[in-house]
Amino acid sequence: MNVVDIVRAIAAFGLPAAAGAGRQAEMPTQPLSAGAWEQVLGACEDQRLVGFLQAAAEHGAFVLDRGQRLELAERHARWCVASLRLERELLHVVSLLQSAGIDVIVLKGAAVAHLVYPDPAWRLFGDNDLLLPSDQFDDAVATLTRSGYRRQTAEARPGFERRFGKGTTLSNETEMELDLHRNLVFGTFGFAIELAELFHSSTTFELGGRVLHALGPETRLLHACYHAALGDPTPRFGSVRDIAQMVTAGEHDVRVVLELARRWQAKAVLARGFALCRDHLGIDVDGPLAAATDGYTITRRERRAIASYTGANRRFATKVVASLPYIAGVGPKLSFLRAVAYPRPEFAFEHGGRPGLPWLRRGLQGLLKGGER
Amino acid sequence: MTVVWRRAPDVLWRRSGSRAMLSCPGQEDVIMMDGTAAVVWDLLATPLEQSELVSALGTGFGVDVARVQAEVTPFLRELWSAGALQRT
């Protein structure tokens with residue numbers, strides 16, 4: 001049996017029969033050889049699928065020998081313990097921020113695990129992600145750094161993240177990562193998102209006796225598409241599974257998703273998300289939403305925008321150029337350009353450049369090369 | 001006196017195979033439970049009188065109720081001390 005097909009079958013475990021039926025046949029009916037098992041388990045670790053593999057084994061859909069079962073149980077337990085520690089820290093951080101009067105939405109990780117999946121032990125995660133209002137972003141960073149968190153990356157220029165950025169990453173004394181977002185994605189598609197809508201349409205979930213806020217079903221689905229479609233050229237199977245899980249769960253209002261995608265110029269992102277389900281995982285997500293994007297012809301402008309995230313030349317400078325048409329007003333455009341053309345030295349170093357002329361020269365080279373054509 | 005046991009609402013937990021893992025506020029370590037201990041946690045998804053819990057375990061495992069009572073009582077107290085359970 002082909003290891004990739006087995007891993008895809010694991011990624012599809014638990015989806016409604018219509019979506020994942022073809023994949024079920026690729027689950028092994030006998031324990032794998034030692035070599036194949038090592039490859040499958042390693043791939044599941046990389047692709048964040050250990051939870052699905054454990055679930056498949058518990059349901060008898062994936063046959064293991066005793067040693068494999070024990071090894072998988074240990075791996076899954078480790079992930080679960082990590083998730084619990086992250087959730088405990090999440091409650092602490094949300095409490096800190098809310099005490100400082102800061103609105104917080106939990107993104108990805110804990111929110112998706114508890115809201116979208118039948119058992120949060122299926123959906124494993126490695127950090128916490130929070131969404132904050134732009135005008136409270138700097139206060140949130142200050143509150144957390146006063147509490148012992150430290151920034152992992154420098155800001156291009158003071159105020160850049162609050163005005164233009166996607167967010168920043170902090171870590172605490174145990175190296176636990178916390179991603180603070182003010183937007184769902186940096187650059188072109190991010191500038192088109194109506195950030196207030198993310199808070200307006202939020203939902204809640206319970207964690208440890210507390211009520212936390214998360215994205216509503218429609219914006220949550222869009223975020224899953226942004227994350228998978230624009231995050232990496234080859235997204236993790238786990239990220240694509242989120243899209244399939246949300247679409248098949250059907251909690252979203254199709255009209256609202258399509259209207260938001262229209263207003264946010266994100267139909268191409270939606271289409272790419274569903275294409276990833278089909279091409280990357282071999283899962284056909286049916287229904288009116290998929291039908292609405294089926295056969296959607298991505299425009300040249302959209303193709304270049306997507307290429308700035310996933311293409312061979314997906315550098316920071318490429319995203320900057322692609323972003324300019326999406327920033328409203330001459331003043332903001334100039335501020336944005338000034339910040340990216342003359343960033344702080346530490347920001348330039350982190351992005352592999354040197355401040356001053358060398359940074360500018362590098363940026364220009366990136367601009368001239370552009371994205372995929 | 002009838003004791004009713006319930007899960008503490010501020011406990012975070014996961015189930016994995018035969019294990020249950022609990023994170024209680026103020027406790028750095030995650031409590032790992034296996035086998036019967038994990039089953040106790042499952043049964044307390046709804047609040048139960050101790051006698052109901054003992055009876056369910058006795059029936060489920062085919063063990064004498066007196067023996068179950070003797071073994072489960074200190075375990076429940078341990079979980080209560082750790083903040084995983086509440087009792088009324």
# chains A, B, ... in the order shown; residues from 1 in each chain; ligands from 1
$ interface_residues --of "chain A" --to "chain B" --cutoff "8 Å" --atoms "only C-alpha atoms" --output "PyMOL selection string"
chain A and resi 54+58+73+76-77+80-81+84-85+87-88+120-121+207-210
$ select_by_dssp --residues "stretch 173-219 of chain A" --states "helix (DSSP H, G or I)" --output "PyMOL selection string"
chain A and resi 188-191+195-200+217-219
$ residues_around --residues "stretch 157-159 of chain A" --least-positions-apart "3" --cutoff "6 Å" --atoms "only C-alpha atoms" --output "JSON, numbers by chain"
{"A": [162, 339, 343, 344]}
$ residues_around --residues "A:Gln68" --least-positions-apart "3" --cutoff "9 Å" --atoms "only C-alpha atoms" --output "number ranges by chain"
A: 31-32, 34, 37, 64-65, 71-73
$ write_last_selection --atoms "N, CA and C atoms" --output "short mmCIF file (atom, residue, chain, number, x, y, z; two decimals), in the first residue's frame"
data_model
loop_
_atom_site.label_atom_id
_atom_site.label_comp_id
_atom_site.auth_asym_id
_atom_site.auth_seq_id
_atom_site.Cartn_x
_atom_site.Cartn_y
_atom_site.Cartn_z
N PRO A 31 -1.83 -5.21 10.15
CA PRO A 31 -0.79 -4.30 10.64
C PRO A 31 0.27 -4.07 9.57
N LEU A 32 0.72 -2.83 9.49
CA LEU A 32 1.75 -2.48 8.52
C LEU A 32 3.09 -3.08 8.93
N ALA A 34 7.08 -2.83 9.78
CA ALA A 34 7.75 -1.86 10.67
C ALA A 34 8.13 -0.59 9.91
N TRP A 37 5.01 1.42 8.89
CA TRP A 37 4.41 2.04 10.08
C TRP A 37 5.21 3.27 10.49
N LEU A 64 -3.77 -2.27 13.87
CA LEU A 64 -2.41 -2.15 14.39
C LEU A 64 -2.05 -3.41 15.16
N ASP A 65 -0.76 -3.70 15.25
CA ASP A 65 -0.36 -4.75 16.19
C ASP A 65 -0.16 -4.10 17.56
N GLU A 71 2.68 2.37 20.81
CA GLU A 71 3.48 3.51 20.35
C GLU A 71 2.56 4.68 19.97
N LEU A 72 1.50 4.39 19.27
CA LEU A 72 0.56 5.44 18.88
C LEU A 72 -0.09 6.06 20.11
N ALA A 73 -0.45 5.20 21.08
CA ALA A 73 -1.08 5.71 22.32
C ALA A 73 -0.16 6.69 23.03
#
$ residues_around --residues "A:Val257" --least-positions-apart "6" --cutoff "9 Å" --atoms "only C-alpha atoms" --output "list in words"
Pro217, Glu218, Thr219, Leu221, Leu222 and Leu289 of chain A
$ atom_distance --atom1 "atom CA of A:Val40" --atom2 "atom CA of A:Gly282"
17.2 Å
$ residues_around --residues "B:Glu49" --least-positions-apart "6" --cutoff "8 Å" --atoms "only C-alpha atoms" --output "PyMOL selection string"
chain B and resi 2-5
$ atom_distance --atom1 "atom CA of A:Arg301" --atom2 "atom CA of A:Thr168"
27.7 Å
$ residues_around --residues "A:Asp139" --least-positions-apart "3" --cutoff "10 Å" --atoms "only C-alpha atoms" --output "list of chain:residue names"
A:Leu97, A:Ala100, A:Gly101, A:Ile102, A:Leu132, A:Ser134, A:Asp135, A:Gln136, A:Ala142, A:Thr143, A:Leu144, A:Thr145
$ atom_distance --atom1 "atom CA of A:Ala12" --atom2 "atom CA of A:Phe125"
17.7 Å
